[in-house]
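Participant: This is the content of final-v4.txt (compact mmCIF, C-alpha atoms):
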```
# COMPACT_ATOMS: atom_id res chain seq x y z
CA MET A 1 -0.45 -50.10 -41.62
CA ILE A 2 -2.85 -47.19 -41.28
CA SER A 3 -3.99 -48.41 -37.89
CA THR A 4 -0.34 -48.65 -36.70
CA VAL A 5 0.29 -45.05 -37.78
CA ARG A 6 -2.93 -44.01 -36.06
CA VAL A 7 -1.92 -45.74 -32.83
CA ALA A 8 1.53 -44.14 -33.01
CA LEU A 9 -0.02 -40.70 -33.54
CA ILE A 10 -2.36 -41.17 -30.58
CA ALA A 11 0.55 -42.31 -28.43
CA ILE A 12 2.63 -39.26 -29.40
CA THR A 13 -0.33 -36.93 -28.72
CA LEU A 14 -0.96 -38.56 -25.35
CA SER A 15 2.69 -38.36 -24.34
CA PHE A 16 2.77 -34.68 -25.39
CA CYS A 17 -0.35 -33.95 -23.31
CA PHE A 18 1.18 -35.81 -20.37
CA SER A 19 4.43 -33.87 -20.56
CA VAL A 20 2.53 -30.54 -20.79
CA SER A 21 0.45 -31.41 -17.74
CA ARG A 22 3.60 -32.45 -15.88
CA ALA A 23 5.24 -29.13 -16.82
CA GLN A 24 2.22 -27.18 -15.55
CA GLN A 25 2.22 -29.11 -12.29
CA ALA A 26 5.85 -28.21 -11.80
CA GLN A 27 4.90 -24.52 -11.56
CA THR A 28 4.33 -23.18 -8.08
CA GLU A 29 0.73 -22.36 -7.34
CA THR A 30 -0.33 -21.20 -3.95
CA GLY A 31 -3.27 -19.71 -2.15
CA ALA A 32 -2.65 -16.01 -1.46
CA VAL A 33 -4.35 -12.92 -0.12
CA GLN A 34 -3.91 -9.65 -1.96
CA LEU A 35 -3.61 -7.05 0.80
CA ILE A 36 -3.39 -3.95 -1.40
CA GLY A 37 -2.29 -2.87 -4.85
CA PHE A 38 -4.24 -4.26 -7.80
CA ALA A 39 -6.69 -1.79 -9.31
CA GLY A 40 -10.30 -2.86 -9.03
CA LEU A 41 -9.61 -5.40 -6.31
CA LYS A 42 -10.73 -4.92 -2.74
CA GLU A 43 -8.26 -5.20 0.11
CA ASN A 44 -7.76 -8.71 1.48
CA THR A 45 -8.98 -10.43 -1.69
CA LYS A 46 -8.36 -14.17 -1.51
CA GLY A 47 -7.19 -16.04 -4.58
CA ARG A 48 -4.48 -18.21 -6.11
CA LEU A 49 -1.08 -16.97 -7.19
CA THR A 50 1.10 -18.56 -9.84
CA VAL A 51 3.79 -17.66 -12.35
CA ILE A 52 2.76 -18.73 -15.83
CA ASN A 53 3.88 -17.75 -19.34
CA GLY A 54 6.20 -15.04 -18.06
CA SER A 55 3.52 -13.39 -15.91
CA LEU A 56 2.47 -13.29 -12.29
CA HIS A 57 -1.09 -14.58 -12.44
CA PHE A 58 -3.54 -13.88 -9.60
CA THR A 59 -6.90 -15.62 -9.90
CA TYR A 60 -9.76 -14.64 -7.61
CA SER A 61 -13.49 -15.38 -7.50
CA LYS A 62 -14.48 -12.71 -10.04
CA GLY A 63 -11.59 -12.93 -12.50
CA TYR A 64 -7.85 -12.66 -12.71
CA VAL A 65 -4.98 -10.14 -12.88
CA ASP A 66 -1.76 -10.62 -14.86
CA VAL A 67 1.48 -8.74 -14.28
CA CYS A 68 4.26 -9.27 -16.82
CA ALA A 69 7.38 -10.50 -15.01
CA ALA A 70 9.60 -8.26 -17.15
CA SER A 71 7.76 -5.16 -15.86
CA ILE A 72 8.43 -6.07 -12.23
CA GLU A 73 11.17 -3.83 -10.87
CA ASP A 74 11.36 -5.30 -7.41
CA VAL A 75 10.26 -8.54 -5.77
CA VAL A 76 10.87 -8.82 -2.04
CA THR A 77 9.79 -11.50 0.39
CA GLY A 78 9.28 -11.13 4.11
CA LYS A 79 7.88 -12.94 7.11
CA ASP A 80 5.09 -12.01 9.47
CA SER A 81 2.31 -13.54 11.52
CA GLN A 82 -1.44 -13.10 11.36
CA ARG A 83 -4.30 -13.67 13.75
CA LEU A 84 -5.87 -17.08 13.32
CA ILE A 85 -9.32 -15.66 14.05
CA GLY A 86 -9.21 -12.21 12.53
CA GLY A 87 -11.55 -9.65 11.05
CA THR A 88 -14.64 -8.23 12.69
CA PHE A 89 -15.59 -11.60 14.17
CA GLY A 90 -12.19 -11.95 15.85
CA THR A 91 -12.34 -8.43 17.25
CA VAL A 92 -15.88 -8.83 18.60
CA ALA A 93 -15.07 -12.26 20.02
CA SER A 94 -11.96 -10.97 21.79
CA ILE A 95 -14.01 -8.21 23.45
CA ALA A 96 -17.25 -10.03 24.16
CA ALA A 97 -16.03 -13.47 25.26
CA PRO A 98 -17.00 -14.12 28.91
CA TYR A 99 -14.63 -13.78 31.89
CA GLY A 100 -11.97 -12.07 29.76
CA SER A 101 -11.26 -15.27 27.87
CA GLY A 102 -11.24 -13.27 24.62
CA SER A 103 -7.89 -11.75 25.52
CA ALA A 104 -6.34 -15.14 24.77
CA LEU A 105 -7.47 -15.02 21.13
CA PRO A 106 -4.67 -12.74 19.88
CA PHE A 107 -2.15 -15.41 20.95
CA PHE A 108 -3.46 -17.84 18.33
CA ARG A 109 -1.50 -16.78 15.29
CA LYS A 110 -0.32 -18.33 12.03
CA LYS A 111 2.98 -17.60 10.35
CA VAL A 112 2.80 -16.18 6.84
CA ASP A 113 5.12 -15.09 4.05
CA ILE A 114 4.78 -11.65 2.51
CA LEU A 115 5.48 -11.07 -1.17
CA THR A 116 5.85 -7.42 -2.20
CA ILE A 117 6.18 -6.43 -5.84
CA GLN A 118 6.70 -3.12 -7.60
CA TYR A 119 5.94 -2.90 -11.31
CA ARG A 120 5.40 -0.35 -14.08
CA ASP A 121 2.27 -0.02 -16.22
CA ALA A 122 2.19 0.86 -19.94
CA ASP A 123 2.46 4.62 -19.14
CA GLY A 124 5.45 4.09 -16.86
CA GLY A 125 3.46 4.58 -13.65
CA LEU A 126 4.77 2.71 -10.64
CA HIS A 127 2.42 0.25 -8.93
CA GLY A 128 2.88 -1.83 -5.83
CA ALA A 129 1.13 -4.95 -4.58
CA ILE A 130 1.38 -6.95 -1.38
CA PHE A 131 0.40 -10.59 -0.93
CA THR A 132 0.39 -12.88 2.07
CA MET A 133 0.65 -16.64 1.65
CA PRO A 134 1.45 -19.73 3.75
CA ARG A 135 4.98 -19.94 5.15
CA GLY A 136 7.55 -21.18 2.61
CA GLN A 137 5.59 -20.26 -0.52
CA ALA A 138 6.97 -16.81 -1.30
CA ASP A 139 10.54 -17.78 -2.14
CA PRO A 140 9.60 -20.28 -4.92
CA ILE A 141 7.33 -17.62 -6.50
CA LYS A 142 10.13 -15.07 -6.26
CA LYS A 143 12.59 -17.51 -7.84
CA GLU A 144 10.26 -18.17 -10.75
CA LEU A 145 9.63 -14.46 -11.26
CA LEU A 146 13.37 -13.77 -11.30
CA ALA A 147 13.89 -16.60 -13.81
CA GLN A 148 11.29 -15.02 -16.08
CA GLY A 149 12.77 -11.53 -16.12
CA ALA A 150 11.75 -9.81 -12.90
CA HIS A 151 14.25 -7.81 -10.85
CA THR A 152 14.95 -7.63 -7.16
CA SER A 153 16.74 -5.36 -4.73
CA GLU A 154 17.26 -8.25 -2.30
CA PRO A 155 18.74 -11.42 -3.81
CA ILE A 156 17.43 -14.71 -2.44
CA LEU A 157 19.22 -15.71 0.75
CA ALA A 158 20.49 -19.00 -0.69
CA ASP A 159 22.10 -17.18 -3.63
CA LEU A 160 23.62 -14.71 -1.21
CA ILE A 161 25.16 -17.49 0.91
CA LYS A 162 26.43 -19.25 -2.22
CA ASN A 163 28.03 -16.04 -3.49
CA LEU A 164 29.60 -15.50 -0.07
CA SER A 165 31.07 -19.01 0.07
CA ASP A 166 32.34 -18.68 -3.52
CA SER A 167 34.11 -15.45 -2.72
CA ARG A 168 35.66 -17.02 0.39
CA GLU A 169 36.99 -19.92 -1.67
CA GLU A 170 38.43 -17.53 -4.19
CA LYS A 171 40.27 -15.69 -1.42
CA ARG A 172 41.80 -18.96 -0.19
CA MET B 1 -34.91 56.82 29.73
CA ARG B 2 -36.21 53.47 28.58
CA THR B 3 -35.51 54.42 24.93
CA ASN B 4 -31.94 55.30 25.79
CA LEU B 5 -31.45 51.94 27.47
CA ARG B 6 -32.93 50.17 24.44
CA ASN B 7 -30.63 52.12 22.09
CA ALA B 8 -27.60 51.31 24.21
CA LEU B 9 -28.50 47.64 24.23
CA ALA B 10 -28.98 47.60 20.45
CA ALA B 11 -25.62 49.33 19.97
CA PHE B 12 -23.95 46.80 22.24
CA VAL B 13 -25.43 43.85 20.31
CA LEU B 14 -24.37 45.40 17.01
CA LEU B 15 -20.85 46.01 18.26
CA THR B 16 -20.61 42.43 19.56
CA LEU B 17 -21.75 41.06 16.22
CA CYS B 18 -19.22 43.23 14.33
CA PHE B 19 -16.40 42.14 16.65
CA ALA B 20 -17.33 38.46 16.27
CA GLY B 21 -17.40 38.84 12.49
CA HIS B 22 -13.99 40.52 12.57
CA LEU B 23 -12.58 37.67 14.67
CA ARG B 24 -14.01 35.06 12.30
CA ALA B 25 -12.42 36.84 9.35
CA GLU B 26 -9.09 36.84 11.15
CA THR B 27 -9.20 33.12 11.92
CA LYS B 28 -10.20 32.29 8.34
CA GLN B 29 -7.58 30.10 6.66
CA PRO B 30 -5.30 31.59 4.03
CA ALA B 31 -6.26 31.17 0.40
CA LYS B 32 -5.75 27.68 -0.95
CA MET B 33 -3.06 27.04 -3.51
CA LYS B 34 -4.20 26.07 -6.98
CA ALA B 35 -3.22 22.69 -8.37
CA SER B 36 -5.04 20.50 -10.84
CA ALA B 37 -2.82 17.41 -10.69
CA VAL B 38 -0.47 15.69 -8.29
CA GLU B 39 2.25 13.13 -8.86
CA VAL B 40 2.89 10.88 -5.89
CA LYS B 41 6.49 9.71 -5.59
CA MET B 42 7.45 6.35 -4.12
CA ILE B 43 8.89 6.55 -0.61
CA PRO B 44 12.68 6.26 -1.01
CA SER B 45 14.23 3.05 0.31
CA ASP B 46 17.56 4.52 1.31
CA GLU B 47 16.07 6.56 4.15
CA LEU B 48 15.29 5.05 7.54
CA THR B 49 14.82 1.27 7.52
CA LEU B 50 11.26 0.82 6.39
CA PRO B 51 10.11 -2.68 5.40
CA PRO B 52 9.17 -2.90 1.70
CA GLU B 53 5.57 -3.83 2.47
CA PHE B 54 5.19 -0.61 4.48
CA ARG B 55 6.68 1.47 1.64
CA VAL B 56 4.32 -0.03 -0.93
CA SER B 57 1.33 0.19 1.40
CA LEU B 58 2.08 3.87 2.13
CA TYR B 59 2.35 4.66 -1.57
CA GLU B 60 -0.81 2.80 -2.60
CA ASN B 61 -2.85 4.16 0.31
CA LEU B 62 -1.71 7.72 -0.47
CA ILE B 63 -2.88 7.40 -4.08
CA GLU B 64 -6.17 5.84 -2.99
CA GLN B 65 -6.93 8.49 -0.37
CA LEU B 66 -6.01 11.41 -2.65
CA ARG B 67 -8.34 9.99 -5.30
CA LYS B 68 -11.08 9.40 -2.73
CA ARG B 69 -10.93 12.97 -1.40
CA ALA B 70 -10.91 14.28 -5.00
CA VAL B 71 -8.73 17.26 -4.07
CA PHE B 72 -7.00 17.06 -7.42
CA PRO B 73 -8.78 16.05 -10.64
CA SER B 74 -5.78 13.91 -11.62
CA VAL B 75 -3.56 11.81 -9.37
CA TYR B 76 -0.54 10.38 -11.17
CA ARG B 77 1.72 7.57 -10.09
CA ASP B 78 5.49 7.88 -9.82
CA GLY B 79 7.00 7.96 -13.32
CA ASP B 80 3.72 8.30 -15.22
CA ARG B 81 4.51 9.89 -18.60
CA ASN B 82 1.11 11.62 -18.76
CA ALA B 83 2.01 13.74 -15.72
CA GLY B 84 4.35 15.86 -17.87
CA ASN B 85 1.42 17.24 -19.89
CA ALA B 86 -0.64 18.23 -16.85
CA ALA B 87 -1.01 21.93 -16.07
CA ASP B 88 -0.51 23.05 -12.44
CA LEU B 89 1.19 19.78 -11.58
CA ILE B 90 2.55 19.45 -8.08
CA THR B 91 4.66 16.63 -6.69
CA LEU B 92 4.21 14.92 -3.33
CA GLU B 93 7.35 13.41 -1.88
CA CYS B 94 7.43 11.72 1.52
CA THR B 95 10.53 10.78 3.48
CA VAL B 96 10.59 8.73 6.66
CA VAL B 97 11.48 10.65 9.80
CA LYS B 98 10.54 8.09 12.42
CA PHE B 99 9.30 4.52 12.28
CA LYS B 100 8.43 2.10 15.06
CA LYS B 101 7.01 -1.28 14.20
CA GLY B 102 4.69 -2.40 16.97
CA ASN B 103 3.37 -5.77 18.00
CA GLU B 104 -0.23 -6.66 17.18
CA THR B 105 -0.52 -9.32 19.88
CA LEU B 106 0.87 -7.03 22.59
CA ARG B 107 -1.44 -4.26 21.39
CA GLN B 108 -4.54 -6.38 21.68
CA VAL B 109 -3.67 -7.97 24.98
CA THR B 110 -2.43 -4.93 26.90
CA MET B 111 -4.37 -2.16 25.06
CA VAL B 112 -1.49 0.16 26.01
CA ALA B 113 1.77 -1.06 24.49
CA GLY B 114 2.71 -2.30 21.03
CA ALA B 115 1.50 0.59 18.90
CA THR B 116 2.92 0.99 15.40
CA SER B 117 3.74 4.58 14.54
CA MET B 118 5.48 6.37 11.70
CA THR B 119 6.25 9.99 10.98
CA LEU B 120 6.92 11.10 7.43
CA ARG B 121 7.94 14.50 6.11
CA CYS B 122 5.60 15.31 3.24
CA GLU B 123 6.75 17.94 0.80
CA PHE B 124 4.58 19.36 -1.95
CA THR B 125 6.65 20.97 -4.71
CA ASP B 126 5.70 22.72 -7.92
CA LYS B 127 6.98 21.91 -11.43
CA ASN B 128 10.13 23.99 -10.90
CA GLY B 129 10.97 22.19 -7.69
CA ASN B 130 9.96 25.06 -5.39
CA SER B 131 8.62 23.86 -2.08
CA LEU B 132 4.95 24.78 -1.56
CA LEU B 133 4.18 23.02 1.69
CA VAL B 134 6.12 20.86 4.14
CA ARG B 135 4.43 18.95 6.94
CA ASP B 136 5.43 16.17 9.31
CA ILE B 137 2.53 13.74 9.44
CA THR B 138 2.18 10.79 11.79
CA GLY B 139 0.28 7.58 11.18
CA LYS B 140 -0.57 5.24 14.05
CA VAL B 141 -2.38 2.06 14.91
CA ARG B 142 -3.09 1.78 18.62
CA PHE B 143 -5.67 -0.93 19.23
CA PHE B 144 -7.20 -2.98 16.47
CA GLY B 145 -5.82 -3.94 13.11
CA GLY B 146 -2.51 -5.09 11.67
CA ASN B 147 0.65 -3.01 11.60
CA LEU B 148 -0.01 -1.93 8.02
CA LYS B 149 -3.11 -0.06 9.18
CA ALA B 150 -0.80 2.75 10.30
CA THR B 151 -0.10 3.47 6.62
CA TYR B 152 -3.84 3.92 6.04
CA ASP B 153 -4.03 6.36 8.95
CA PHE B 154 -1.07 8.31 7.57
CA ALA B 155 -2.57 8.45 4.07
CA LYS B 156 -5.90 9.71 5.39
CA LYS B 157 -4.20 12.52 7.32
CA THR B 158 -2.05 13.48 4.33
CA ALA B 159 -5.09 13.66 2.05
CA LYS B 160 -6.77 15.91 4.64
CA VAL B 161 -3.74 18.22 4.71
CA ALA B 162 -3.84 18.36 0.91
CA GLU B 163 -7.54 19.20 1.00
CA GLU B 164 -6.96 22.02 3.49
CA ASN B 165 -4.19 23.62 1.48
CA PHE B 166 -4.89 22.97 -2.19
CA SER B 167 -7.80 23.38 -4.53
CA SER B 168 -8.30 22.98 -8.22
CA ALA B 169 -10.10 25.46 -10.48
CA SER B 170 -12.58 22.78 -11.54
CA ARG B 171 -13.46 21.77 -7.98
CA ARG B 172 -16.40 23.38 -6.18
CA SER B 173 -15.49 24.84 -2.80
```
Would you mind giving the structure from this file in structure tokens?
Facilitator:
Amino acid sequence: MISTVRVALIAITLSFCFSVSRAQQAQTETGAVQLIGFAGLKENTKGRLTVINGSLHFTYSKGYVDVCAASIEDVVTGKDSQRLIGGTFGTVASIAAPYGSGSALPFFRKKVDILTIQYRDADGGLHGAIFTMPRGQADPIKKELLAQGAHTSEPILADLIKNLSDSREEKR
Amino acid sequence: MRTNLRNALAAFVLLTLCFAGHLRAETKQPAKMKASAVEVKMIPSDELTLPPEFRVSLYENLIEQLRKRAVFPSVYRDGDRNAGNAADLITLECTVVKFKKGNETLRQVTMVAGATSMTLRCEFTDKNGNSLLVRDITGKVRFFGGNLKATYDFAKKTAKVAEENFSSASRRS
């Protein structure tokens, strides 16, 4: 009898652990580069960005930064492109490559998403932060932030189209 | 005869020195305005179409450069409640006058075209809202670097303008 209860308890615990891990996997996590904004972080700091427990969580090699979603006044996404071979190496290579072949380097570019947030600290001071991430990753992060209490000045495009089609149907 | 010549030469040198000193005094900049704290306002979004990443980058770079130059002992962010208690607080508000987003690829290939440039009207006001200084400042990126580098250029120039025109009592000149 005792062993049956024990087995049942283990099974319940295991299923709970499994469901928790599934729930965590469901959250969007993406590699991101913090261009500017977080205090104490250098420009172009690479890390991982996720929305967890009602906060935007940025993990980098030396630690992490949390921004409460409720304190975010504006989340905006955008699109841009970046040099594939950038930085000092890219610049030097584009100048020094023989027979002018370096001038072809700027053409090798990757498309990126830009996530811009504006949030208030405990004293009410306005902060801003800009991230770049692989194409298609910014909108899911924005959606999760909005679901957890963040605000935006630009609603997600899909919502905008849905609202537009709804209003058209109402007119008919 | 020789003594007279020497005296005349000495008088000429003295007069030249006096005149040069007078000129230097005339070209000397006017006295700097006193301010011990500055509150940097966010660039308004309803002005000219400025992408949000440029607005945020301008704002953050401005704060960073003003802190780096140490013109003011305290640099407050937009809406900071502690700014209200600061004596000699001035406010820096920037509005977009002109903005042209360039093309990084074009810039690096041609070295002539594709520059990103922006001109912002920077207004320093005192606590009562009186305008202390208004300047149009331009930020540019011509050759290397992403488009956002123009905001860094703008912030550096603005901090320099602030340094030239303001000083705090606690700061050594």
Participant: Counting only C-alpha atoms, which residues of chain B come no farther than 12 Å from chain A, as a compact mmCIF listing (two decimals) with C-alpha atoms, in the frame of the given file?
Facilitator:
```txt
# COMPACT_ATOMS: atom_id res chain seq x y z
CA GLU B 39 2.25 13.13 -8.86
CA VAL B 40 2.89 10.88 -5.89
CA LYS B 41 6.49 9.71 -5.59
CA MET B 42 7.45 6.35 -4.12
CA ILE B 43 8.89 6.55 -0.61
CA SER B 45 14.23 3.05 0.31
CA ASP B 46 17.56 4.52 1.31
CA PRO B 51 10.11 -2.68 5.40
CA PRO B 52 9.17 -2.90 1.70
CA GLU B 53 5.57 -3.83 2.47
CA PHE B 54 5.19 -0.61 4.48
CA ARG B 55 6.68 1.47 1.64
CA VAL B 56 4.32 -0.03 -0.93
CA SER B 57 1.33 0.19 1.40
CA LEU B 58 2.08 3.87 2.13
CA TYR B 59 2.35 4.66 -1.57
CA GLU B 60 -0.81 2.80 -2.60
CA ASN B 61 -2.85 4.16 0.31
CA LEU B 62 -1.71 7.72 -0.47
CA ILE B 63 -2.88 7.40 -4.08
CA GLU B 64 -6.17 5.84 -2.99
CA VAL B 75 -3.56 11.81 -9.37
CA TYR B 76 -0.54 10.38 -11.17
CA ARG B 77 1.72 7.57 -10.09
CA ASP B 78 5.49 7.88 -9.82
CA GLY B 79 7.00 7.96 -13.32
CA ASP B 80 3.72 8.30 -15.22
CA ARG B 81 4.51 9.89 -18.60
CA ASN B 82 1.11 11.62 -18.76
CA ALA B 83 2.01 13.74 -15.72
CA GLY B 84 4.35 15.86 -17.87
CA LYS B 101 7.01 -1.28 14.20
CA ASN B 103 3.37 -5.77 18.00
CA GLU B 104 -0.23 -6.66 17.18
CA THR B 105 -0.52 -9.32 19.88
CA LEU B 106 0.87 -7.03 22.59
CA ARG B 107 -1.44 -4.26 21.39
CA GLN B 108 -4.54 -6.38 21.68
CA VAL B 109 -3.67 -7.97 24.98
CA THR B 110 -2.43 -4.93 26.90
CA MET B 111 -4.37 -2.16 25.06
CA PHE B 143 -5.67 -0.93 19.23
CA PHE B 144 -7.20 -2.98 16.47
CA GLY B 145 -5.82 -3.94 13.11
CA GLY B 146 -2.51 -5.09 11.67
CA ASN B 147 0.65 -3.01 11.60
CA LEU B 148 -0.01 -1.93 8.02
CA LYS B 149 -3.11 -0.06 9.18
CA THR B 151 -0.10 3.47 6.62
CA TYR B 152 -3.84 3.92 6.04
```
Participant: Produce the centre coordinates and the three edge lengths, each in Å to one decimal, of the box along x, y and z that contains all listed atoms of region 83-89 of chain B with 4 Å added on each side, as JSON.
Facilitator:
```
{"center_x": 1.7, "center_y": 18.4, "center_z": -15.7, "size_x": 13.4, "size_y": 17.3, "size_z": 16.3}
```
Participant: So which residues touch Ala31 (chain B) within 12 Å, counting only C-alpha atoms, skipping near sequence neighbours fewer than 4 positions away, as a list of chain:residue names?
Facilitator: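 In the requested form, the answer reads B:Glu164, B:Asn165, B:Phe166, B:Ser167, B:Ser173.
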Participant: Neighbours of Lys34 (chain B) within 12 Å (only C-alpha atoms; same-chain residues fewer than 4 positions away dropped), as a ChimeraX atom specification?
Facilitator: /B:38,71-73,87-90,126,132,162-171
Participant: Export, as a short mmCIF file (atom, residue, chain, number, x, y, z; two decimals), in the frame of the given file, the selected residues with C-alpha atoms.
Facilitator:
```
data_model
loop_
_atom_site.label_atom_id
_atom_site.label_comp_id
_atom_site.auth_asym_id
_atom_site.auth_seq_id
_atom_site.Cartn_x
_atom_site.Cartn_y
_atom_site.Cartn_z
CA VAL B 38 -0.47 15.69 -8.29
CA VAL B 71 -8.73 17.26 -4.07
CA PHE B 72 -7.00 17.06 -7.42
CA PRO B 73 -8.78 16.05 -10.64
CA ALA B 87 -1.01 21.93 -16.07
CA ASP B 88 -0.51 23.05 -12.44
CA LEU B 89 1.19 19.78 -11.58
CA ILE B 90 2.55 19.45 -8.08
CA ASP B 126 5.70 22.72 -7.92
CA LEU B 132 4.95 24.78 -1.56
CA ALA B 162 -3.84 18.36 0.91
CA GLU B 163 -7.54 19.20 1.00
CA GLU B 164 -6.96 22.02 3.49
CA ASN B 165 -4.19 23.62 1.48
CA PHE B 166 -4.89 22.97 -2.19
CA SER B 167 -7.80 23.38 -4.53
CA SER B 168 -8.30 22.98 -8.22
CA ALA B 169 -10.10 25.46 -10.48
CA SER B 170 -12.58 22.78 -11.54
CA ARG B 171 -13.46 21.77 -7.98
#
```
Participant: Can you pull out the residues contacting Asp139 (chain A)? Cut-off 8 Å, using all atoms listed in the file, and skip same-chain residues under 3 positions away; I want them as a short mmCIF file (atom, residue, chain, number, x, y, z; two decimals) with C-alpha atoms, keeping the file's coordinate frame.
Facilitator:
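Wrote out.cif, looks like this:
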```cif
data_model
loop_
_atom_site.label_atom_id
_atom_site.label_comp_id
_atom_site.auth_asym_id
_atom_site.auth_seq_id
_atom_site.Cartn_x
_atom_site.Cartn_y
_atom_site.Cartn_z
CA THR A 77 9.79 -11.50 0.39
CA GLY A 136 7.55 -21.18 2.61
CA LYS A 142 10.13 -15.07 -6.26
CA LYS A 143 12.59 -17.51 -7.84
CA ILE A 156 17.43 -14.71 -2.44
#
```
Participant: Interatomic distance between CA of Lys156 (chain B) and CA of Val33 (chain A)?
Facilitator: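 That distance, rounded to one decimal, is 23.3 Å.
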Participant: Enter the distance from CA of His57 (chain A) to CA of Gly31 (chain A), in Å, rounded to one decimal.
Facilitator: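 Separation of CA of His57 (chain A) and CA of Gly31 (chain A): 11.7 Å.
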Participant: Find the distance between CA of Ala86 (chain B) and CA of Lys68 (chain B) and write it in Å to one decimal.
Facilitator: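 Computing the Euclidean distance for CA of Ala86 (chain B) and CA of Lys68 (chain B) yields 19.7 Å.
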